[in-house]
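**Student:** Dropping in my_file.pdb, with PDB, C-alpha atoms and all ligand atoms.
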```pdb
ATOM      1  CA  MET A 277      15.605  16.804 -10.346  1.00  0.00           C
ATOM      2  CA  MET A 278      19.183  15.793  -9.610  1.00  0.00           C
ATOM      3  CA  VAL A 279      20.316  15.272  -6.036  1.00  0.00           C
ATOM      4  CA  ALA A 280      23.987  15.203  -5.094  1.00  0.00           C
ATOM      5  CA  MET A 281      24.921  12.243  -2.922  1.00  0.00           C
ATOM      6  CA  ASP A 282      27.699  12.592  -0.377  1.00  0.00           C
ATOM      7  CA  SER A 283      29.965   9.794   0.830  1.00  0.00           C
ATOM      8  CA  LYS A 284      27.580   8.958   3.703  1.00  0.00           C
ATOM      9  CA  SER A 285      24.924   8.096   1.127  1.00  0.00           C
ATOM     10  CA  LYS A 286      26.884   4.979   0.228  1.00  0.00           C
ATOM     11  CA  ASN A 287      25.952   3.413   3.560  1.00  0.00           C
ATOM     12  CA  ILE A 288      22.464   2.468   2.500  1.00  0.00           C
ATOM     13  CA  ASP A 289      20.750  -0.771   3.479  1.00  0.00           C
ATOM     14  CA  LEU A 290      17.613  -0.456   1.394  1.00  0.00           C
ATOM     15  CA  ILE A 291      16.743   1.382  -1.822  1.00  0.00           C
ATOM     16  CA  ILE A 292      13.063   1.925  -2.520  1.00  0.00           C
ATOM     17  CA  LEU A 293      11.762   2.960  -5.929  1.00  0.00           C
ATOM     18  CA  GLY A 294       8.639   5.074  -5.691  1.00  0.00           C
ATOM     19  CA  ALA A 295       7.264   7.356  -3.016  1.00  0.00           C
ATOM     20  CA  GLY A 296       3.635   6.279  -2.911  1.00  0.00           C
ATOM     21  CA  ALA A 297       1.919   4.549  -0.001  1.00  0.00           C
ATOM     22  CA  GLY A 298       3.695   1.261  -0.658  1.00  0.00           C
ATOM     23  CA  GLY A 299       7.172   2.726  -0.929  1.00  0.00           C
ATOM     24  CA  LEU A 300       6.847   5.179   1.928  1.00  0.00           C
ATOM     25  CA  THR A 301       5.286   2.571   4.222  1.00  0.00           C
ATOM     26  CA  ALA A 302       8.150   0.196   3.482  1.00  0.00           C
ATOM     27  CA  ALA A 303      10.619   3.038   4.049  1.00  0.00           C
ATOM     28  CA  ALA A 304       9.064   4.010   7.374  1.00  0.00           C
ATOM     29  CA  VAL A 305       8.983   0.407   8.620  1.00  0.00           C
ATOM     30  CA  ALA A 306      12.570  -0.229   7.504  1.00  0.00           C
ATOM     31  CA  ALA A 307      13.793   3.000   9.121  1.00  0.00           C
ATOM     32  CA  THR A 308      11.969   2.086  12.327  1.00  0.00           C
ATOM     33  CA  GLU A 309      13.796  -1.249  12.232  1.00  0.00           C
ATOM     34  CA  GLY A 310      17.106   0.631  12.027  1.00  0.00           C
ATOM     35  CA  LEU A 311      17.885   0.388   8.317  1.00  0.00           C
ATOM     36  CA  LYS A 312      19.275   3.316   6.338  1.00  0.00           C
ATOM     37  CA  VAL A 313      16.794   3.861   3.553  1.00  0.00           C
ATOM     38  CA  LEU A 314      17.016   5.725   0.259  1.00  0.00           C
ATOM     39  CA  VAL A 315      13.730   6.471  -1.515  1.00  0.00           C
ATOM     40  CA  LEU A 316      14.015   7.298  -5.219  1.00  0.00           C
ATOM     41  CA  GLU A 317      10.992   8.945  -6.841  1.00  0.00           C
ATOM     42  CA  LYS A 318      10.881   9.547 -10.587  1.00  0.00           C
ATOM     43  CA  ALA A 319       8.103  12.124 -10.481  1.00  0.00           C
ATOM     44  CA  ALA A 320       8.566  15.791  -9.570  1.00  0.00           C
ATOM     45  CA  GLN A 321       6.601  15.262  -6.358  1.00  0.00           C
ATOM     46  CA  VAL A 322       5.999  12.454  -3.907  1.00  0.00           C
ATOM     47  CA  GLY A 323       2.680  10.712  -3.454  1.00  0.00           C
ATOM     48  CA  GLY A 324       2.027   8.839  -6.663  1.00  0.00           C
ATOM     49  CA  THR A 325      -1.485   7.508  -7.193  1.00  0.00           C
ATOM     50  CA  THR A 326      -1.885   7.503  -3.422  1.00  0.00           C
ATOM     51  CA  ALA A 327      -1.901  11.307  -3.333  1.00  0.00           C
ATOM     52  CA  ILE A 328      -5.081  11.425  -5.439  1.00  0.00           C
ATOM     53  CA  SER A 329      -6.811   8.414  -3.932  1.00  0.00           C
ATOM     54  CA  GLY A 330      -9.847   8.507  -1.714  1.00  0.00           C
ATOM     55  CA  GLY A 331      -7.848   7.153   1.205  1.00  0.00           C
ATOM     56  CA  MET A 332     -10.627   4.821   2.284  1.00  0.00           C
ATOM     57  CA  ILE A 333      -9.696   1.544   3.962  1.00  0.00           C
ATOM     58  CA  TRP A 334     -11.964  -1.465   3.671  1.00  0.00           C
ATOM     59  CA  ALA A 335     -11.796  -3.516   6.845  1.00  0.00           C
ATOM     60  CA  PRO A 336     -14.517  -6.163   6.599  1.00  0.00           C
ATOM     61  CA  ASN A 337     -15.963  -8.096   9.507  1.00  0.00           C
ATOM     62  CA  ASN A 338     -14.709  -5.833  12.273  1.00  0.00           C
ATOM     63  CA  HIS A 339     -16.335  -5.222  15.623  1.00  0.00           C
ATOM     64  CA  LEU A 340     -16.026  -1.417  15.304  1.00  0.00           C
ATOM     65  CA  ALA A 341     -18.502  -1.135  12.437  1.00  0.00           C
ATOM     66  CA  ASN A 342     -22.069  -0.320  13.374  1.00  0.00           C
ATOM     67  CA  SER A 343     -23.611  -3.018  11.224  1.00  0.00           C
ATOM     68  CA  PRO A 344     -23.496  -6.804  11.274  1.00  0.00           C
ATOM     69  CA  ASP A 345     -20.877  -8.263   8.967  1.00  0.00           C
ATOM     70  CA  SER A 346     -19.262 -11.620   8.400  1.00  0.00           C
ATOM     71  CA  LEU A 347     -16.443 -13.257   6.519  1.00  0.00           C
ATOM     72  CA  GLU A 348     -19.032 -14.861   4.227  1.00  0.00           C
ATOM     73  CA  LYS A 349     -20.627 -11.478   3.395  1.00  0.00           C
ATOM     74  CA  ALA A 350     -17.212  -9.997   2.657  1.00  0.00           C
ATOM     75  CA  GLU A 351     -16.387 -12.957   0.426  1.00  0.00           C
ATOM     76  CA  THR A 352     -19.678 -12.532  -1.448  1.00  0.00           C
ATOM     77  CA  TYR A 353     -18.859  -8.856  -2.027  1.00  0.00           C
ATOM     78  CA  LEU A 354     -15.339  -9.594  -3.234  1.00  0.00           C
ATOM     79  CA  ASP A 355     -16.551 -12.389  -5.518  1.00  0.00           C
ATOM     80  CA  ALA A 356     -18.980  -9.912  -7.122  1.00  0.00           C
ATOM     81  CA  ALA A 357     -16.346  -7.184  -7.408  1.00  0.00           C
ATOM     82  CA  VAL A 358     -13.748  -9.592  -8.813  1.00  0.00           C
ATOM     83  CA  PRO A 359     -15.811 -11.965 -10.947  1.00  0.00           C
ATOM     84  CA  THR A 360     -13.127 -14.526 -11.663  1.00  0.00           C
ATOM     85  CA  ASP A 361     -11.825 -17.544  -9.827  1.00  0.00           C
ATOM     86  CA  ALA A 362      -8.262 -16.366 -10.317  1.00  0.00           C
ATOM     87  CA  GLY A 363      -6.881 -15.364  -6.934  1.00  0.00           C
ATOM     88  CA  ARG A 364      -9.913 -16.700  -5.068  1.00  0.00           C
ATOM     89  CA  SER A 365      -7.841 -18.542  -2.472  1.00  0.00           C
ATOM     90  CA  GLN A 366      -5.679 -15.418  -1.951  1.00  0.00           C
ATOM     91  CA  ARG A 367      -8.841 -13.350  -1.466  1.00  0.00           C
ATOM     92  CA  HIS A 368     -10.062 -15.871   1.099  1.00  0.00           C
ATOM     93  CA  THR A 369      -6.717 -15.740   2.941  1.00  0.00           C
ATOM     94  CA  PHE A 370      -6.814 -11.911   2.860  1.00  0.00           C
ATOM     95  CA  LEU A 371     -10.242 -11.946   4.480  1.00  0.00           C
ATOM     96  CA  GLU A 372      -9.243 -14.495   7.095  1.00  0.00           C
ATOM     97  CA  LEU A 373      -6.151 -12.507   8.047  1.00  0.00           C
ATOM     98  CA  SER A 374      -7.640  -9.013   7.913  1.00  0.00           C
ATOM     99  CA  VAL A 375      -9.216  -9.224  11.317  1.00  0.00           C
ATOM    100  CA  VAL A 376      -9.461  -5.911  13.187  1.00  0.00           C
ATOM    101  CA  ILE A 377      -8.562  -6.399  16.812  1.00  0.00           C
TER     102      ILE A 377
HETATM  103  C1  LIG B   1      -9.100   8.291  -7.932  1.00  0.00           C
HETATM  104  C2  LIG B   1      -8.575   7.123  -7.093  1.00  0.00           C
HETATM  105  C3  LIG B   1      -9.164   6.863  -5.869  1.00  0.00           C
HETATM  106  C4  LIG B   1      -8.706   5.783  -5.109  1.00  0.00           C
HETATM  107  N1  LIG B   1      -9.281   5.568  -3.874  1.00  0.00           N
HETATM  108  C5  LIG B   1      -8.838   4.539  -3.106  1.00  0.00           C
HETATM  109  C6  LIG B   1      -9.406   4.325  -1.818  1.00  0.00           C
HETATM  110  O1  LIG B   1     -10.292   5.037  -1.375  1.00  0.00           O
HETATM  111  N2  LIG B   1      -8.939   3.268  -1.084  1.00  0.00           N
HETATM  112  C7  LIG B   1      -7.934   2.458  -1.556  1.00  0.00           C
HETATM  113  O2  LIG B   1      -7.548   1.529  -0.832  1.00  0.00           O
HETATM  114  N3  LIG B   1      -7.368   2.650  -2.763  1.00  0.00           N
HETATM  115  C8  LIG B   1      -7.789   3.673  -3.550  1.00  0.00           C
HETATM  116  N4  LIG B   1      -7.239   3.877  -4.790  1.00  0.00           N
HETATM  117  C9  LIG B   1      -6.146   2.973  -5.203  1.00  0.00           C
HETATM  118  C10 LIG B   1      -4.877   3.390  -4.453  1.00  0.00           C
HETATM  119  O3  LIG B   1      -4.707   4.784  -4.531  1.00  0.00           O
HETATM  120  C11 LIG B   1      -3.652   2.693  -5.062  1.00  0.00           C
HETATM  121  O4  LIG B   1      -3.862   1.295  -5.100  1.00  0.00           O
HETATM  122  C12 LIG B   1      -2.426   2.979  -4.207  1.00  0.00           C
HETATM  123  O5  LIG B   1      -2.272   4.377  -4.009  1.00  0.00           O
HETATM  124  C13 LIG B   1      -1.187   2.416  -4.876  1.00  0.00           C
HETATM  125  O6  LIG B   1      -0.098   2.720  -4.040  1.00  0.00           O
HETATM  126  P1  LIG B   1       1.344   2.393  -4.514  1.00  0.00           P
HETATM  127  O7  LIG B   1       2.290   2.872  -3.449  1.00  0.00           O
HETATM  128  O8  LIG B   1       1.416   0.959  -4.928  1.00  0.00           O
HETATM  129  O9  LIG B   1       1.525   3.224  -5.867  1.00  0.00           O
HETATM  130  P2  LIG B   1       1.647   4.806  -6.071  1.00  0.00           P
HETATM  131  O10 LIG B   1       0.997   5.613  -4.983  1.00  0.00           O
HETATM  132  O11 LIG B   1       1.195   5.082  -7.471  1.00  0.00           O
HETATM  133  O12 LIG B   1       3.197   5.057  -5.955  1.00  0.00           O
HETATM  134  C14 LIG B   1       4.112   4.573  -6.925  1.00  0.00           C
HETATM  135  C15 LIG B   1       5.211   5.628  -7.068  1.00  0.00           C
HETATM  136  O13 LIG B   1       6.306   5.037  -7.758  1.00  0.00           O
HETATM  137  C16 LIG B   1       6.830   5.999  -8.650  1.00  0.00           C
HETATM  138  N5  LIG B   1       7.592   5.268  -9.642  1.00  0.00           N
HETATM  139  C17 LIG B   1       7.143   4.449 -10.611  1.00  0.00           C
HETATM  140  N6  LIG B   1       8.165   3.927 -11.304  1.00  0.00           N
HETATM  141  C18 LIG B   1       9.295   4.404 -10.745  1.00  0.00           C
HETATM  142  C19 LIG B   1      10.682   4.239 -11.030  1.00  0.00           C
HETATM  143  N7  LIG B   1      11.089   3.449 -12.034  1.00  0.00           N
HETATM  144  N8  LIG B   1      11.585   4.904 -10.279  1.00  0.00           N
HETATM  145  C20 LIG B   1      11.178   5.692  -9.267  1.00  0.00           C
HETATM  146  N9  LIG B   1       9.880   5.907  -8.944  1.00  0.00           N
HETATM  147  C21 LIG B   1       8.946   5.263  -9.691  1.00  0.00           C
HETATM  148  C22 LIG B   1       5.623   6.733  -9.167  1.00  0.00           C
HETATM  149  O14 LIG B   1       5.945   7.995  -9.713  1.00  0.00           O
HETATM  150  C23 LIG B   1       4.783   6.853  -7.883  1.00  0.00           C
HETATM  151  O15 LIG B   1       5.083   8.015  -7.144  1.00  0.00           O
HETATM  152  C24 LIG B   1      -7.637   4.956  -5.571  1.00  0.00           C
HETATM  153  C25 LIG B   1      -7.040   5.248  -6.805  1.00  0.00           C
HETATM  154  C26 LIG B   1      -7.497   6.322  -7.568  1.00  0.00           C
HETATM  155  C27 LIG B   1      -6.808   6.635  -8.882  1.00  0.00           C
END
```
Represent the supplied structure as structure tokens.
**Tutor:**
Amino acid sequence: MMVAMDSKSKNIDLIILGAGAGGLTAAAVAATEGLKVLVLEKAAQVGGTTAISGGMIWAPNNHLANSPDSLEKAETYLDAAVPTDAGRSQRHTFLELSVVI
């Protein structure tokens, strides 16, 4: 699909390629911060893989869950799901920082 761009379209602060969760989240945050955003999507519809995903969010070790959890349990699960040492320190940092308040 071709979209005509008027002269106002030149005043763009941020161009985002792809209208999935990542792109649209970045666009929404940038627009909230006052930037003029242009999202370019190559497919005929927006959504990408996100549109067909389960939409589940894994938030380990949070106080809202109805079962006991811990950072160590979450790390054990991730180590089993990703059986390689590559990225281990990043996984650990992710778990440490993904604390639900
Ligand atoms: C069946 C299924 C179930 C899933 N369930 C879950 C779940 O429950 N929980 C979870 O956390 N994750 C789940 N996932 C994974 C999750 O959906 C993806 O990790 C996530 O949607 C990726 O988001 P994204 O924004 O990075 O990519 P996408 O949503 O794929 O968006 C990328 C967009 O960029 C566009 N694009 C690509 N190249 C260009 C270009 N050159 N120019 C312009 N546009 C371009 C694409 O057309 C697409 O629209 C699931 C995935 C599948 C397939």
**Student:** What are the closest atom pairs, with distances in Å to one decimal, for all residues of chain A lying within 6 Å of ligand LIG 1 (chain B)? Consider all atoms listed in the file, order rows by chain and residue number, and present the result as CSV.
**Tutor:**
```
residue,atom,partner,partner_atom,distance
A:Leu293,CA,B:LIG1,C20,4.4
A:Gly294,CA,B:LIG1,O13,3.1
A:Ala295,CA,B:LIG1,O15,4.7
A:Gly296,CA,B:LIG1,O12,3.3
A:Ala297,CA,B:LIG1,O7,3.9
A:Gly298,CA,B:LIG1,O7,3.5
A:Gly299,CA,B:LIG1,O7,5.5
A:Leu316,CA,B:LIG1,C20,5.2
A:Glu317,CA,B:LIG1,N9,3.9
A:Lys318,CA,B:LIG1,C20,4.1
A:Ala319,CA,B:LIG1,O14,4.7
A:Val322,CA,B:LIG1,O15,5.6
A:Gly323,CA,B:LIG1,O15,5.2
A:Gly324,CA,B:LIG1,O15,3.2
A:Thr325,CA,B:LIG1,O11,3.6
A:Thr326,CA,B:LIG1,O5,3.2
A:Ile328,CA,B:LIG1,C1,5.7
A:Ser329,CA,B:LIG1,C3,3.4
A:Gly330,CA,B:LIG1,O1,3.5
A:Gly331,CA,B:LIG1,O1,4.1
A:Met332,CA,B:LIG1,O1,3.7
A:Ile333,CA,B:LIG1,O2,5.3
```
**Student:** Can you list, as a ChimeraX atom specification, every protein, DNA or RNA residue that comes within 12 Å of Leu373 of chain A when you count only C-alpha atoms, leaving out same-chain residues fewer than 4 positions away?
**Tutor:** /A:335-338,347,366-369,377
**Student:** From the options A:Lys349, A:Thr360, A:Trp334, A:Leu354, which residue's atoms come nearest to Ser374 of chain A, counting all atoms listed in the file?
**Tutor:**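 Result for the nearest residue to Ser374 of chain A: A:Trp334.
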**Student:** By how many Å are atom CA of Glu309 of chain A and atom CA of Asn287 of chain A apart?
**Tutor:** 15.6 Å
**Student:** Neighbours of Val313 of chain A within 6 Å (all atoms listed in the file; same-chain residues fewer than 6 positions away dropped), as a PyMOL selection string?
**Tutor:** chain A and resi 288+290-291
**Student:** Mind giving me the straight-line distance from atom CA of Ala341 of chain A to atom CA of Phe370 of chain A in Å, one decimal?
**Tutor:**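 These two atoms are separated by 18.6 Å.
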**Student:** Give me, please, the distance in Å between atom CA of Ile292 of chain A and atom CA of Ala327 of chain A, quoted to one decimal.
**Tutor:**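 Computing the Euclidean distance for atom CA of Ile292 of chain A and atom CA of Ala327 of chain A yields 17.7 Å.
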**Student:** With all atoms listed in the file as the atoms that count, which of A:Thr352, A:Ser365, A:Leu300, A:Asp289 lies nearest to Lys312 of chain A?
**Tutor:**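 Under the stated criterion, the closest residue is A:Asp289.
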**Student:** Is there a way to complete segment 335-369 of chain A with N, CA and C atoms and then write that out as a CSV table (one decimal), in the frame of the given file?
**Tutor:**
```
chain,number,residue,atom,x,y,z
A,335,ALA,N,-12.1,-2.5,5.8
A,335,ALA,CA,-11.8,-3.5,6.8
A,335,ALA,C,-13.1,-4.3,7.2
A,336,PRO,N,-13.3,-5.4,6.4
A,336,PRO,CA,-14.5,-6.2,6.6
A,336,PRO,C,-14.5,-6.9,7.9
A,337,ASN,N,-15.8,-7.2,8.4
A,337,ASN,CA,-16.0,-8.1,9.5
A,337,ASN,C,-15.2,-7.6,10.8
A,338,ASN,N,-15.4,-6.3,11.0
A,338,ASN,CA,-14.7,-5.8,12.3
A,338,ASN,C,-15.8,-5.4,13.3
A,339,HIS,N,-15.4,-5.5,14.6
A,339,HIS,CA,-16.3,-5.2,15.6
A,339,HIS,C,-16.6,-3.7,15.8
A,340,LEU,N,-15.8,-2.9,15.1
A,340,LEU,CA,-16.0,-1.4,15.3
A,340,LEU,C,-17.1,-0.9,14.4
A,341,ALA,N,-17.4,-1.6,13.3
A,341,ALA,CA,-18.5,-1.1,12.4
A,341,ALA,C,-19.9,-1.2,13.1
A,342,ASN,N,-20.8,-0.4,12.7
A,342,ASN,CA,-22.1,-0.3,13.4
A,342,ASN,C,-23.1,-1.2,12.7
A,343,SER,N,-22.7,-2.1,11.9
A,343,SER,CA,-23.6,-3.0,11.2
A,343,SER,C,-23.1,-4.4,11.2
A,344,PRO,N,-24.0,-5.4,11.2
A,344,PRO,CA,-23.5,-6.8,11.3
A,344,PRO,C,-22.8,-7.2,10.0
A,345,ASP,N,-21.7,-7.9,10.1
A,345,ASP,CA,-20.9,-8.3,9.0
A,345,ASP,C,-20.3,-9.7,9.2
A,346,SER,N,-19.8,-10.3,8.2
A,346,SER,CA,-19.3,-11.6,8.4
A,346,SER,C,-18.2,-11.9,7.3
A,347,LEU,N,-17.4,-12.9,7.5
A,347,LEU,CA,-16.4,-13.3,6.5
A,347,LEU,C,-17.2,-13.7,5.2
A,348,GLU,N,-18.3,-14.4,5.4
A,348,GLU,CA,-19.0,-14.9,4.2
A,348,GLU,C,-19.6,-13.7,3.4
A,349,LYS,N,-20.1,-12.7,4.1
A,349,LYS,CA,-20.6,-11.5,3.4
A,349,LYS,C,-19.5,-10.8,2.6
A,350,ALA,N,-18.3,-10.7,3.3
A,350,ALA,CA,-17.2,-10.0,2.7
A,350,ALA,C,-16.8,-10.8,1.4
A,351,GLU,N,-16.8,-12.1,1.6
A,351,GLU,CA,-16.4,-13.0,0.4
A,351,GLU,C,-17.4,-12.8,-0.7
A,352,THR,N,-18.7,-12.7,-0.4
A,352,THR,CA,-19.7,-12.5,-1.4
A,352,THR,C,-19.4,-11.2,-2.2
A,353,TYR,N,-19.1,-10.2,-1.4
A,353,TYR,CA,-18.9,-8.9,-2.0
A,353,TYR,C,-17.6,-8.9,-2.9
A,354,LEU,N,-16.6,-9.5,-2.4
A,354,LEU,CA,-15.3,-9.6,-3.2
A,354,LEU,C,-15.5,-10.4,-4.5
A,355,ASP,N,-16.3,-11.5,-4.4
A,355,ASP,CA,-16.6,-12.4,-5.5
A,355,ASP,C,-17.3,-11.6,-6.6
A,356,ALA,N,-18.2,-10.7,-6.2
A,356,ALA,CA,-19.0,-9.9,-7.1
A,356,ALA,C,-18.1,-8.8,-7.7
A,357,ALA,N,-17.2,-8.3,-6.9
A,357,ALA,CA,-16.3,-7.2,-7.4
A,357,ALA,C,-15.2,-7.7,-8.3
A,358,VAL,N,-14.8,-9.0,-8.0
A,358,VAL,CA,-13.7,-9.6,-8.8
A,358,VAL,C,-14.3,-10.9,-9.4
A,359,PRO,N,-15.1,-10.8,-10.5
A,359,PRO,CA,-15.8,-12.0,-10.9
A,359,PRO,C,-14.9,-12.9,-11.7
A,360,THR,N,-14.0,-13.5,-11.1
A,360,THR,CA,-13.1,-14.5,-11.7
A,360,THR,C,-12.6,-15.4,-10.5
A,361,ASP,N,-12.3,-16.6,-10.9
A,361,ASP,CA,-11.8,-17.5,-9.8
A,361,ASP,C,-10.3,-17.3,-9.6
A,362,ALA,N,-9.7,-16.6,-10.5
A,362,ALA,CA,-8.3,-16.4,-10.3
A,362,ALA,C,-8.0,-15.6,-9.0
A,363,GLY,N,-7.2,-16.1,-8.2
A,363,GLY,CA,-6.9,-15.4,-6.9
A,363,GLY,C,-7.9,-15.6,-5.8
A,364,ARG,N,-8.9,-16.5,-6.1
A,364,ARG,CA,-9.9,-16.7,-5.1
A,364,ARG,C,-9.3,-17.1,-3.7
A,365,SER,N,-8.4,-18.1,-3.7
A,365,SER,CA,-7.8,-18.5,-2.5
A,365,SER,C,-7.1,-17.4,-1.8
A,366,GLN,N,-6.4,-16.6,-2.6
A,366,GLN,CA,-5.7,-15.4,-2.0
A,366,GLN,C,-6.7,-14.5,-1.3
A,367,ARG,N,-7.8,-14.2,-2.0
A,367,ARG,CA,-8.8,-13.4,-1.5
A,367,ARG,C,-9.4,-13.9,-0.1
A,368,HIS,N,-9.6,-15.2,-0.1
A,368,HIS,CA,-10.1,-15.9,1.1
A,368,HIS,C,-9.0,-15.7,2.2
A,369,THR,N,-7.8,-15.9,1.9
A,369,THR,CA,-6.7,-15.7,2.9
A,369,THR,C,-6.7,-14.3,3.4
```
